[in-house]
Structure formats: structure tokens, C-alpha cells
$ cat model32.txt   # compact mmCIF, C-alpha atoms
# COMPACT_ATOMS: atom_id res chain seq x y z
CA MET A 1 -30.76 32.72 54.74
CA PRO A 2 -34.48 32.90 53.88
CA ALA A 3 -36.48 35.74 55.34
CA PRO A 4 -38.55 34.84 58.43
CA PHE A 5 -42.21 34.17 57.77
CA VAL A 6 -44.48 37.07 58.70
CA PRO A 7 -47.96 35.98 59.92
CA GLU A 8 -50.76 37.17 57.69
CA LEU A 9 -54.54 37.08 57.53
CA PHE A 10 -56.11 34.84 54.91
CA GLY A 11 -59.89 34.85 54.93
CA ASP A 12 -61.03 33.31 58.22
CA PHE A 13 -57.54 32.04 59.01
CA LEU A 14 -54.32 33.45 60.42
CA LEU A 15 -51.27 31.95 58.71
CA VAL A 16 -48.56 31.44 61.32
CA GLN A 17 -45.89 29.23 59.72
CA ARG A 18 -44.80 27.99 56.30
CA ILE A 19 -44.28 24.23 56.08
CA ALA A 20 -43.13 24.12 52.47
CA ARG A 21 -42.96 26.32 49.41
CA ARG A 22 -43.33 24.38 46.20
CA ALA A 23 -42.93 25.57 42.63
CA MET A 24 -46.48 26.87 42.35
CA SER A 25 -48.08 26.51 45.80
CA ASP A 26 -47.58 27.22 49.50
CA VAL A 27 -48.27 24.82 52.38
CA LEU A 28 -48.80 26.69 55.66
CA VAL A 29 -49.92 26.16 59.25
CA ALA A 30 -53.02 28.21 60.09
CA VAL A 31 -55.38 28.87 62.99
CA ARG A 32 -58.99 29.90 62.63
CA LEU A 33 -59.83 33.40 63.81
CA GLY A 34 -61.99 33.41 66.94
CA ASP A 35 -61.24 29.76 67.75
CA ARG A 36 -59.82 29.49 71.27
CA SER A 37 -59.28 25.73 71.16
CA GLY A 38 -55.78 26.14 69.68
CA GLN A 39 -56.50 23.72 66.83
CA THR A 40 -54.19 24.14 63.86
CA PHE A 41 -54.79 23.37 60.20
CA VAL A 42 -52.73 22.89 57.06
CA LEU A 43 -53.72 25.43 54.43
CA LYS A 44 -52.71 25.01 50.79
CA ARG A 45 -52.94 27.83 48.27
CA PRO A 46 -51.32 28.73 44.92
CA VAL A 47 -48.46 31.21 45.01
CA LEU A 48 -49.13 34.82 44.13
CA GLY A 49 -49.42 35.23 40.38
CA GLU A 50 -50.41 31.62 39.66
CA ARG A 51 -53.35 31.20 37.28
CA ALA A 52 -56.66 29.74 38.40
CA SER A 53 -56.37 27.25 35.52
CA GLY A 54 -52.79 26.26 36.40
CA ARG A 55 -51.69 22.89 37.72
CA ALA A 56 -51.29 24.02 41.32
CA ALA A 57 -54.78 25.54 41.46
CA GLN A 58 -56.33 22.47 39.85
CA ALA A 59 -54.53 20.13 42.27
CA ILE A 60 -55.70 22.12 45.31
CA GLN A 61 -59.25 22.21 44.01
CA ARG A 62 -59.16 18.47 43.31
CA GLU A 63 -57.89 17.67 46.83
CA GLY A 64 -60.75 19.64 48.37
CA GLU A 65 -63.24 17.85 46.14
CA VAL A 66 -61.96 14.40 47.12
CA LEU A 67 -61.82 15.07 50.88
CA ALA A 68 -65.31 16.58 50.80
CA GLU A 69 -66.66 13.32 49.38
CA VAL A 70 -64.49 10.71 51.14
CA ARG A 71 -64.34 10.64 54.93
CA ALA A 72 -62.03 8.10 56.59
CA SER A 73 -59.89 7.95 59.71
CA ALA A 74 -56.79 7.26 57.60
CA LEU A 75 -57.35 10.43 55.53
CA PRO A 76 -56.97 14.01 56.83
CA ALA A 77 -60.27 15.67 57.68
CA LEU A 78 -61.39 18.60 55.54
CA SER A 79 -61.99 21.82 57.47
CA ALA A 80 -62.71 24.37 54.74
CA ARG A 81 -62.31 24.95 51.03
CA GLY A 82 -63.17 27.79 48.72
CA GLU A 83 -61.72 30.64 46.69
CA LEU A 84 -60.02 33.88 47.66
CA ALA A 85 -58.98 36.48 45.11
CA GLY A 86 -60.00 34.10 42.34
CA LEU A 87 -57.70 31.27 43.51
CA PRO A 88 -58.75 28.08 45.33
CA TYR A 89 -57.56 27.06 48.76
CA VAL A 90 -58.10 24.12 51.08
CA ALA A 91 -57.69 23.83 54.87
CA ILE A 92 -57.29 20.29 56.22
CA GLU A 93 -56.41 18.55 59.45
CA HIS A 94 -52.86 19.21 60.68
CA VAL A 95 -51.26 15.81 61.21
CA ARG A 96 -48.60 16.24 63.90
CA GLY A 97 -45.89 13.75 63.20
CA ALA A 98 -43.37 12.89 60.49
CA PRO A 99 -43.54 11.65 56.88
CA LEU A 100 -42.84 7.97 56.44
CA ASP A 101 -39.92 8.53 54.05
CA GLU A 102 -38.01 10.14 56.96
CA LEU A 103 -38.75 7.20 59.27
CA ALA A 104 -38.36 4.08 57.11
CA PRO A 105 -35.63 4.07 54.40
CA GLY A 106 -32.12 4.28 55.76
CA ALA A 107 -33.21 3.14 59.22
CA GLU A 108 -33.56 -0.25 60.84
CA PRO A 109 -36.36 -2.43 59.39
CA MET A 110 -39.62 -1.93 61.21
CA PRO A 111 -40.93 -4.59 63.57
CA GLU A 112 -43.68 -6.77 62.10
CA GLY A 113 -46.42 -5.10 64.09
CA ALA A 114 -45.30 -1.60 63.09
CA ALA A 115 -45.10 -2.50 59.38
CA ARG A 116 -48.54 -4.10 59.58
CA ALA A 117 -49.96 -0.96 61.21
CA VAL A 118 -48.74 1.16 58.30
CA ALA A 119 -50.02 -1.41 55.80
CA LEU A 120 -53.47 -1.55 57.42
CA ASP A 121 -53.95 2.23 57.72
CA VAL A 122 -52.91 2.95 54.13
CA ALA A 123 -55.02 0.06 52.83
CA ARG A 124 -58.03 1.46 54.69
CA ALA A 125 -57.48 4.89 53.16
CA LEU A 126 -57.25 3.37 49.68
CA ALA A 127 -60.33 1.23 50.26
CA ALA A 128 -62.33 4.35 51.21
CA LEU A 129 -61.12 6.20 48.10
CA HIS A 130 -61.71 3.27 45.75
CA GLU A 131 -65.19 2.66 47.15
CA LYS A 132 -66.15 6.21 46.13
CA GLY A 133 -64.56 5.79 42.70
CA TRP A 134 -61.36 7.77 43.33
CA VAL A 135 -57.72 6.83 42.61
CA HIS A 136 -55.01 8.52 44.69
CA GLY A 137 -52.47 8.53 41.87
CA ASP A 138 -49.33 9.26 43.92
CA LEU A 139 -48.85 6.54 46.52
CA ALA A 140 -45.39 7.19 48.00
CA ALA A 141 -43.71 7.12 51.41
CA SER A 142 -43.50 10.93 51.39
CA ASN A 143 -47.32 11.08 51.21
CA VAL A 144 -47.86 8.93 54.31
CA MET A 145 -47.77 10.79 57.63
CA ILE A 146 -47.25 8.99 60.96
CA ASP A 147 -48.76 10.94 63.86
CA GLU A 148 -47.79 11.01 67.54
CA THR A 149 -49.95 7.98 68.37
CA GLY A 150 -48.46 5.76 65.67
CA GLU A 151 -51.36 6.01 63.22
CA ALA A 152 -50.73 6.53 59.51
CA LYS A 153 -52.66 8.95 57.30
CA LEU A 154 -52.54 9.17 53.51
CA VAL A 155 -52.14 12.80 52.42
CA ASP A 156 -51.57 14.91 49.29
CA LEU A 157 -54.46 14.04 46.99
CA GLY A 158 -53.70 16.68 44.36
CA LEU A 159 -53.15 14.05 41.63
CA ALA A 160 -56.31 12.07 42.41
CA ARG A 161 -58.58 11.12 39.51
CA ARG A 162 -61.77 9.23 38.96
CA ALA A 163 -61.28 5.53 38.24
CA GLY A 164 -61.24 5.14 34.48
CA GLU A 165 -60.47 8.82 33.88
CA ALA A 166 -57.81 9.46 31.25
CA ARG A 167 -54.30 10.32 32.41
CA PRO A 168 -52.93 12.59 29.67
CA GLU A 169 -49.56 12.84 31.39
CA VAL A 170 -47.39 10.53 33.46
CA ALA A 171 -47.21 11.85 37.01
CA GLY A 172 -46.21 10.50 40.40
CA THR A 173 -43.08 9.81 42.43
CA PRO A 174 -40.10 7.92 40.93
CA GLY A 175 -39.64 4.51 42.48
CA TYR A 176 -43.32 4.07 43.41
CA LEU A 177 -45.12 4.28 40.07
CA ALA A 178 -46.76 1.08 38.83
CA PRO A 179 -45.32 -0.27 35.55
CA GLU A 180 -48.53 0.30 33.59
CA ALA A 181 -48.69 3.92 34.85
CA ALA A 182 -45.42 4.74 33.06
CA LEU A 183 -47.51 5.31 29.92
CA PRO A 184 -50.54 7.58 29.50
CA GLY A 185 -53.72 5.65 30.07
CA GLU A 186 -56.63 5.43 32.51
CA ALA A 187 -56.49 5.87 36.27
CA SER A 188 -56.75 2.49 37.97
CA PRO A 189 -57.09 1.41 41.62
CA ALA A 190 -54.62 -1.40 40.86
CA SER A 191 -51.88 1.23 40.42
CA ASP A 192 -52.58 2.48 43.96
CA VAL A 193 -52.32 -1.11 45.26
CA TYR A 194 -48.89 -1.45 43.64
CA GLY A 195 -47.73 1.79 45.30
CA TRP A 196 -49.08 0.49 48.62
CA ALA A 197 -46.93 -2.64 48.26
CA VAL A 198 -43.78 -0.60 47.53
CA VAL A 199 -44.35 1.58 50.62
CA VAL A 200 -44.95 -1.43 52.88
CA ALA A 201 -41.94 -3.26 51.44
CA GLU A 202 -39.72 -0.30 52.35
CA CYS A 203 -41.02 -0.43 55.92
CA ALA A 204 -40.25 -4.16 56.09
CA LEU A 205 -36.72 -3.92 54.63
CA GLY A 206 -35.73 -0.46 55.88
CA ARG A 207 -34.58 0.70 52.43
CA ARG A 208 -35.81 1.72 49.00
CA ILE A 209 -36.58 -1.28 46.82
CA PHE A 210 -36.70 0.67 43.54
CA PRO A 211 -34.20 3.58 43.86
CA GLU A 212 -35.18 5.25 40.57
CA ASP A 213 -34.63 8.84 39.51
CA ASP A 214 -37.28 9.20 36.80
CA LEU A 215 -40.78 7.96 36.07
CA ALA A 216 -39.88 6.31 32.77
CA SER A 217 -37.82 3.66 34.60
CA ALA A 218 -41.00 2.08 35.99
CA GLY A 219 -41.78 0.53 32.61
CA ALA A 220 -38.51 -1.45 32.58
CA ARG A 221 -38.37 -2.23 36.30
CA GLY A 222 -37.04 -5.59 37.44
CA ASP A 223 -38.41 -8.00 40.01
CA PRO A 224 -38.73 -6.95 43.67
CA PRO A 225 -36.08 -8.10 46.18
CA ARG A 226 -36.19 -11.78 47.11
CA ALA A 227 -36.06 -10.85 50.80
CA LEU A 228 -39.75 -9.88 50.57
CA ALA A 229 -40.76 -13.54 50.16
CA ALA A 230 -40.36 -14.03 53.92
CA TRP A 231 -42.85 -11.21 54.56
CA GLU A 232 -45.79 -12.67 52.66
CA ALA A 233 -46.98 -14.64 55.71
CA ARG A 234 -46.54 -11.60 57.96
CA ILE A 235 -48.31 -9.15 55.62
CA PRO A 236 -50.80 -11.09 53.46
CA GLY A 237 -51.17 -9.81 49.92
CA LEU A 238 -47.78 -8.07 49.72
CA ALA A 239 -46.31 -10.33 47.02
CA ALA A 240 -49.48 -10.35 44.93
CA ALA A 241 -49.75 -6.56 45.10
CA LEU A 242 -46.30 -6.28 43.45
CA ALA A 243 -47.41 -8.35 40.44
CA ARG A 244 -46.41 -6.73 37.16
CA GLU A 245 -49.83 -7.47 35.64
CA ALA A 246 -52.48 -5.21 37.18
CA SER A 247 -55.21 -7.87 36.88
CA ARG A 248 -53.34 -10.19 39.28
CA ARG A 249 -53.23 -7.70 42.15
CA PRO A 250 -55.71 -7.89 45.04
CA THR A 251 -58.09 -5.06 45.85
CA SER A 252 -57.41 -2.60 48.63
CA ALA A 253 -60.53 -3.75 50.49
CA SER A 254 -59.38 -7.40 50.51
CA ILE A 255 -55.93 -6.35 51.73
CA ALA A 256 -57.43 -4.36 54.61
CA ALA A 257 -59.71 -7.26 55.53
CA GLY A 258 -56.73 -9.66 55.64
CA LEU A 259 -54.83 -7.39 58.03
CA GLU A 260 -57.69 -6.65 60.44
CA ALA A 261 -57.14 -9.65 62.73
CA LEU A 262 -53.32 -9.42 62.91
CA ALA A 263 -51.35 -7.89 65.79
CA LEU A 264 -50.22 -4.27 65.41
CA ASP A 265 -47.46 -2.32 67.15
CA ARG A 266 -48.29 1.39 67.08
CA GLU A 267 -46.03 2.10 70.03
CA ALA A 268 -42.98 1.34 67.87
CA LEU A 269 -44.21 3.82 65.25
CA ALA A 270 -44.86 6.47 67.90
CA ALA A 271 -41.35 5.91 69.29
CA ARG A 272 -39.85 6.50 65.84
CA VAL A 273 -41.77 9.74 65.50
CA GLU A 274 -40.56 10.88 68.92
CA ALA A 275 -36.95 10.03 68.05
CA HIS A 276 -37.28 11.92 64.78
CA ARG A 277 -38.54 14.98 66.65
CA ALA A 278 -35.68 14.77 69.12
CA ARG A 279 -33.12 14.70 66.31
CA ALA A 280 -34.77 17.67 64.63
CA SER A 281 -34.78 19.58 67.93
CA GLU A 282 -31.08 18.86 68.47
CA GLU A 283 -30.28 20.14 65.00
CA ARG A 284 -32.21 23.36 65.61
CA THR A 285 -30.47 23.80 68.98
CA ALA A 286 -27.07 23.29 67.39
CA LEU A 287 -27.83 25.96 64.80
CA ALA A 288 -28.99 28.35 67.50
CA ARG A 289 -25.72 27.96 69.45
CA LEU A 290 -23.55 29.70 66.90
CA PRO A 291 -20.64 31.61 68.54
CA ALA A 292 -21.11 35.35 68.97
CA PRO A 293 -18.63 37.59 67.10
CA GLU A 294 -16.99 38.74 70.31
CA ALA A 295 -16.48 35.14 71.43
CA ARG A 296 -14.45 34.27 68.37
CA GLY A 297 -11.37 36.15 69.67
CA LEU A 298 -9.81 36.16 73.10
CA SER A 299 -11.78 37.90 75.81
CA GLU A 300 -10.50 40.79 77.89
CA LYS A 301 -10.34 38.64 81.01
CA THR A 302 -7.88 36.22 79.38
CA PRO A 303 -5.47 38.37 77.40
CA PRO A 304 -2.93 36.69 75.17
CA PRO A 305 0.61 36.24 76.49
CA ALA A 306 2.75 39.30 75.90
CA LEU A 307 5.42 39.01 73.26
CA ALA A 308 8.94 40.24 73.86
CA GLU A 309 9.41 43.63 72.25
CA PRO A 310 12.72 45.07 71.11
CA ALA A 311 14.28 47.68 73.31
CA ARG A 312 13.34 51.23 72.40
CA GLU A 313 15.49 54.29 72.68
CA PRO A 314 14.34 56.71 75.38
CA GLU A 315 12.27 59.49 73.93
CA PRO A 316 12.51 63.08 75.19
CA GLU A 317 9.88 64.00 77.66
CA PRO A 318 7.23 66.25 76.09
CA GLU A 319 6.59 69.70 77.42
CA PRO A 320 3.79 69.87 79.94
CA ALA A 321 0.52 70.84 78.34
CA PRO A 322 -2.81 71.81 79.80
CA SER A 323 -4.89 68.78 80.65
CA PRO A 324 -7.39 68.23 77.85
CA ARG A 325 -11.07 68.02 78.43
CA PRO A 326 -12.54 64.54 78.24
CA ALA A 327 -13.80 63.80 74.71
CA PRO A 328 -17.56 63.57 74.46
CA PRO A 329 -18.97 60.14 73.55
CA PRO A 330 -19.43 59.72 69.79
CA ARG A 331 -22.85 60.55 68.56
CA ARG A 332 -24.46 58.16 66.18
CA SER A 333 -26.33 59.95 63.48
CA VAL A 334 -29.93 59.02 62.78
CA GLY A 335 -28.93 58.78 59.13
CA ILE A 336 -26.81 55.72 59.88
CA TYR A 337 -29.80 53.85 61.29
CA LEU A 338 -31.93 54.88 58.32
CA ALA A 339 -29.26 53.71 55.88
CA VAL A 340 -28.97 50.33 57.61
CA ALA A 341 -32.76 49.84 57.64
CA LEU A 342 -33.05 50.85 53.98
CA GLY A 343 -30.26 48.45 53.02
CA ALA A 344 -31.99 45.58 54.82
CA VAL A 345 -35.27 46.32 53.03
CA LEU A 346 -33.52 46.45 49.65
CA LEU A 347 -31.72 43.15 50.28
CA PHE A 348 -35.00 41.48 51.26
CA ALA A 349 -36.76 42.85 48.17
CA MET A 350 -33.93 41.73 45.90
CA GLY A 351 -34.02 38.24 47.43
CA GLN A 352 -37.77 37.94 46.90
CA PHE A 353 -37.47 39.21 43.32
CA SER A 354 -34.59 36.90 42.44
CA ALA A 355 -36.42 33.89 43.91
CA ARG A 356 -39.23 34.43 41.40
CA LEU A 357 -36.96 34.80 38.36
CA PRO A 358 -36.80 31.75 36.10
CA PRO A 359 -33.46 29.96 36.05
CA ARG A 360 -30.99 31.13 33.41
CA ASN A 361 -30.73 28.91 30.41
CA PRO A 362 -33.31 26.36 31.69
CA ARG A 363 -32.96 22.94 30.14
CA GLY A 364 -35.02 19.81 29.78
CA SER A 365 -34.29 16.38 28.42
CA VAL A 366 -35.63 13.72 26.08
CA SER A 367 -35.27 9.96 26.39
CA LEU A 368 -34.98 7.82 23.23
CA ALA A 369 -34.46 4.45 24.91
CA GLY A 370 -36.08 1.76 22.74
CA VAL A 371 -36.85 4.21 19.91
CA VAL A 372 -33.55 4.02 17.99
CA PRO A 373 -33.05 0.69 16.16
CA ARG A 374 -29.66 -0.76 15.46
CA ARG A 375 -27.53 0.87 12.75
CA ALA A 376 -29.64 4.02 12.96
CA HIS A 377 -28.49 7.48 13.97
CA VAL A 378 -30.21 10.44 15.59
CA GLU A 379 -30.49 14.02 14.40
CA VAL A 380 -31.58 16.90 16.64
CA ASP A 381 -32.82 19.99 14.78
CA GLY A 382 -31.02 18.79 11.62
CA GLU A 383 -27.67 18.00 13.26
CA LYS A 384 -26.40 14.46 13.87
CA VAL A 385 -25.74 13.73 17.56
CA ALA A 386 -24.18 10.88 19.47
CA LEU A 387 -26.71 9.09 21.65
CA PRO A 388 -25.56 8.51 25.28
CA ALA A 389 -25.62 5.03 26.75
CA ASP A 390 -28.80 5.72 28.72
CA GLY A 391 -30.53 7.17 25.65
CA ARG A 392 -31.16 10.51 27.38
CA LEU A 393 -30.33 13.85 25.71
CA GLU A 394 -30.35 17.27 27.35
CA LEU A 395 -32.07 20.00 25.33
CA ARG A 396 -32.72 23.67 25.72
CA SER A 397 -36.31 24.62 26.47
CA GLY A 398 -38.37 25.28 23.35
CA ASP A 399 -39.49 23.47 20.21
CA HIS A 400 -37.28 20.69 18.86
CA THR A 401 -37.38 18.09 16.09
CA VAL A 402 -35.69 14.75 16.71
CA ALA A 403 -35.23 12.49 13.69
CA VAL A 404 -34.30 8.80 13.75
CA VAL A 405 -32.64 7.97 10.41
CA LEU A 406 -32.91 4.24 9.72
CA ALA A 407 -30.29 2.16 7.92
CA LYS A 408 -32.40 1.70 4.78
CA GLY A 409 -33.04 5.40 4.38
CA GLY A 410 -36.29 5.52 6.33
CA ARG A 411 -36.84 8.43 8.64
CA ARG A 412 -39.01 9.07 11.70
CA GLU A 413 -39.43 12.61 12.98
CA TYR A 414 -40.70 13.69 16.38
CA THR A 415 -41.62 17.32 16.94
CA PHE A 416 -42.32 18.43 20.51
CA ARG A 417 -41.74 21.21 23.00
CA VAL A 418 -39.39 20.89 25.99
CA ARG A 419 -40.21 22.95 29.07
CA PRO A 420 -37.71 23.80 31.84
CA ASN A 421 -36.86 20.81 34.06
CA GLU A 422 -39.18 18.57 32.01
CA HIS A 423 -38.30 15.11 30.71
CA VAL A 424 -39.94 13.93 27.47
CA VAL A 425 -40.00 10.19 26.77
CA LEU A 426 -40.41 9.03 23.16
CA VAL A 427 -42.15 5.66 22.86
CA ALA A 428 -41.44 3.34 19.92
CA PRO A 429 -44.39 2.73 17.55
CA LYS A 430 -46.32 -0.49 17.75
CA LYS A 431 -45.35 -3.25 15.36
CA GLY A 432 -47.29 -3.13 12.11
CA ALA A 433 -47.93 0.61 12.22
CA THR A 434 -47.78 2.36 8.85
CA ASN A 435 -45.75 5.45 8.08
CA ASN A 436 -48.86 7.61 8.12
CA ASP A 437 -49.89 6.74 11.64
CA ASP A 438 -46.35 6.38 13.06
CA GLU A 439 -46.97 8.88 15.81
CA GLU A 440 -45.06 8.61 19.04
CA ALA A 441 -46.69 9.00 22.44
CA GLU A 442 -45.03 11.41 24.80
CA GLU A 443 -44.66 11.08 28.54
CA ARG A 444 -43.78 14.07 30.61
CA GLU A 445 -42.31 14.19 34.08
CA PRO A 446 -43.71 17.09 36.12
$ encode --input "model32.txt" --output "C-alpha cells"
Amino acid sequence: MPAPFVPELFGDFLLVQRIARRAMSDVLVAVRLGDRSGQTFVLKRPVLGERASGRAAQAIQREGEVLAEVRASALPALSARGELAGLPYVAIEHVRGAPLDELAPGAEPMPEGAARAVALDVARALAALHEKGWVHGDLAASNVMIDETGEAKLVDLGLARRAGEARPEVAGTPGYLAPEAALPGEASPASDVYGWAVVVAECALGRRIFPEDDLASAGARGDPPRALAAWEARIPGLAAALAREASRRPTSASIAAGLEALALDREALAARVEAHRARASEERTALARLPAPEARGLSEKTPPPALAEPAREPEPEPEPAPSPRPAPPPRRSVGIYLAVALGAVLLFAMGQFSARLPPRNPRGSVSLAGVVPRRAHVEVDGEKVALPADGRLELRSGDHTVAVVLAKGGRREYTFRVRPNEHVVLVAPKKGATNNDDEEAEEREP
């Protein structure tokens, strides 16, 4: 069981609750010191020991930069940003509600008005970002919050980039990435529009439409479900936004304009949030009602039925002895309490230390789908290996050399480094490339 969170001071804020602990950052609920209004904020900061140049610090700094420039009702308001102890932090509006991925997939399809409300709010947020030249970069149902009033807000802008800015790595959420974003390239608003369409389609159908486990699958994704054809008249622009070619997709501003005059149903969204809260409260109550140790056996008031005992031979009566003095109550030594307290502290320290240790024998993987021609075989670090059906090999973390030996004796080698829990995708060379410039692009899943 994780240790309870201990409130702590952080600059002008008091941190009162941890919402999530990610690999390299903390997301916490905070209140501002001296503020009697009771307003709460979401504060993001890198974990202790993270570098100022690391990914988590850069993502937090980028989110503060975007929210300082773009103000919109469908985006969380920025309260403060800065640095403390050499690491950046950002404090933003605390959206009280539930993420869309816990309200839509796996549930009943949303009513038309509720799905349109989500579509309009997210389109407005994207239009505000795109107008200022920003691309969100990670449009997913988990990054859309529905508040108590049924309004949607687009959150988590740590992967945002300027439109046209190079994307050296493939990043995002599996199942929502646009097909063209499965390869390194430039950040494009059209990729956000595609993610918008996937999120809205899930609201309309009540299920995931692309249940993928990795980002590389976006490049070979099939057509969307045919059931979405009936929703084009209800949510204009939905079908066009799912076009495989980015140039055929509408802009976020035109989508928002087409939804402005249509009827919305925010009460249905608010009701889903309330039902989600009720379920969460019931789960917490059920956990709190664990039986006490003394209640696990039979109580003294209801003793178990006596069992028949075998007859015993009469024992001689003992000689009368002087009545003993009543035994004093046992004294509990102070040392026992100290030992228990010290043991608890040691267990807590060991748990914190072990949580920060890297996993033993961490592994990554490499995908060779489309790289290995027919009648060719694969060698990893000089040894021939059998390629699985999905073309994905698990490798230990570190430097590796993968060679594709062609049927005519040709040979392509790929040298790269695999980090723990990272997936490297090897992309086949373009047709007509010479042996000298036969370099393979790499895509990495964060």
C-alpha cells in the first residue's frame, strides 16, 4: 500500500494531494498560501533528481509557455509558472470532473447533443491554439476533461509544438495518432483535427475505434467504422476529419463554426460525471469497510457451540494453598514502541528507495515490419534470429546491430540504442536509394 501523501510547502503553494505520479513528474492539487477563497490548482513539477534539460522539465516548461500565450474557455487557465530549485513548475486551473476516456468508451453511446458539446468545446480549444500557431500534438480522450457543468476542456499540452516545427520523435497516444504523424516530420494542425475526429467518434459509438497498442500501427491503420457514416449529418466535418490525406481535412475553426448553431446537451455530460463520481465514492467506501481483525472470528457474545469432550478421570484434590496475590497488569516497555516506530520508518524508507530503482533487466523492442524482404533473414548482433509474425523483437537495453541479409548476398545494417521500455521502428528505405545513403529512419515510442 503506498504511503499517504504528506502536505508540503512549495513556493507560494501548499501541496495537499497527489493526483498522479508519472515516470518523471508529479501532478498535485495545491492551494495558494494566504488565499481564503478555497480555490485549488493543479501543480506539475519534475520529480526529485530529474534534470532541468530532461523531457519532463521541458514538457512542463512548454505547457506553461503555451497557456501563457493562448487563453480560451476550453483550455485550463494558467495561474503561475516559474522555477524552484532549478526546475520548472506550472500551476493551472483545477478542472473538477472526470477524463473523457473514463466516460465514453465501454459505456452507452452519448446522445447527439452531448457528443456535439464535446466536439464543439475541443474544436474551440484547437482553433485557439492553431490561431496562435501552436499544435497540441497529443489529442486523446484521456486529455479531455469534462467538468461538473458538462463543459469539456483540453488539457496536457506538454507535447505542444509550433506549427511547422520538426518532430524528431514520434510521440502521442496509441489509437489517436494521425497516420502521417507515425513518422518523424513537422507538427501540423491537421494531425490535431484527426485526433479530434477519433475522440468525437468514440463519444458517438461508445467504444474505441482504433484499439491499438503502439504508435507505429497508425501508419497501417484501416478505414474507420462504417457506423460513423450516420453521424456526418449530426456532427458536420467528422468524416472529412478522418481522411487519411491531411490536405483533405477541414480546419478546426471551420469545424467549430459548423457546430455553433446546433443543439447541445451539457446536462447529459454533467450526469455522466456525477455517476462516475458516485461509482468512485462507492468503491472508496467499500475499501474503507474492511472487517476488523477481531470481527473475523466469533465474538464473545456468541460463543461457538460446545463440543462433547471425553470423560476424564477424577483428579486428586490439591492441598489448600495460600491465596495468591492478584498479578499486576503487564507493563509494556517503551522499547517496544520505539522498535515498532523504527520498523515502520525503515519499511517506508525501503519502499521509497525501491520505487526509484530501475527495473531489473529492463528490455525494449524493435519492429522490422516492412523492412525484411522475402527470402531474407535477420541477424541480431551477429546471430541469426527467427522473425515473429508481427515483426517485433524484444531486445535488452543497450546498443544493438540488426542486419537484414538479402537473398542475393546484399546486406543492410542498422545500428541503434534501445532504452528501457522503448520501441524502435525501422523504416524501409525509399525506392531508388543507393547503398551509400540507405539509412533507416527510427521512430521511438516514449
$ residues_around --input "model32.txt" --residues "region 125-129 of chain A" --least-positions-apart "6" --cutoff "6 Å" --atoms "all atoms listed in the file" --output "PyMOL selection string"
chain A and resi 74+252-253
$ residues_around --input "model32.txt" --residues "region 226-242 of chain A" --least-positions-apart "6" --cutoff "7 Å" --atoms "all atoms listed in the file" --output "PDB file with C-alpha atoms, in the frame of the given file"
ATOM      1  CA  GLU A 112     -43.680  -6.770  62.100  1.00  0.00           C
ATOM      2  CA  ARG A 116     -48.540  -4.100  59.580  1.00  0.00           C
ATOM      3  CA  VAL A 193     -52.320  -1.110  45.260  1.00  0.00           C
ATOM      4  CA  TYR A 194     -48.890  -1.450  43.640  1.00  0.00           C
ATOM      5  CA  ALA A 197     -46.930  -2.640  48.260  1.00  0.00           C
ATOM      6  CA  ARG A 248     -53.340 -10.190  39.280  1.00  0.00           C
ATOM      7  CA  ARG A 249     -53.230  -7.700  42.150  1.00  0.00           C
ATOM      8  CA  PRO A 250     -55.710  -7.890  45.040  1.00  0.00           C
ATOM      9  CA  ILE A 255     -55.930  -6.350  51.730  1.00  0.00           C
ATOM     10  CA  GLY A 258     -56.730  -9.660  55.640  1.00  0.00           C
TER      11      GLY A 258
END
$ atom_distance --input "model32.txt" --atom1 "CA of Arg392 (chain A)" --atom2 "CA of Arg363 (chain A)"
12.9 Å
$ closest_residue --input "model32.txt" --among "A:Arg36, A:His94, A:Arg81, A:Lys44" --to "Ala68 (chain A)" --atoms "all atoms listed in the file"
A:Arg81
$ closest_residue --input "model32.txt" --among "A:Ala178, A:Leu103, A:Glu63, A:Thr401" --to "Glu245 (chain A)" --atoms "only C-alpha atoms"
A:Ala178
$ closest_residue --input "model32.txt" --among "A:Ala181, A:Val170, A:Leu159, A:Val95" --to "Val144 (chain A)" --atoms "only C-alpha atoms"
A:Val95
$ residues_near_point --input "model32.txt" --point "(-39.0, 11.1, 11.6)" --cutoff "9 Å" --atoms "all atoms listed in the file" --output "ChimeraX atom specification"
/A:401-405,410-415,438
$ closest_residue --input "model32.txt" --among "A:Leu48, A:Leu87, A:Val66, A:Ala23" --to "His130 (chain A)" --atoms "only C-alpha atoms"
A:Val66
$ atom_distance --input "model32.txt" --atom1 "CA of Leu154 (chain A)" --atom2 "CA of Glu422 (chain A)"
27.0 Å
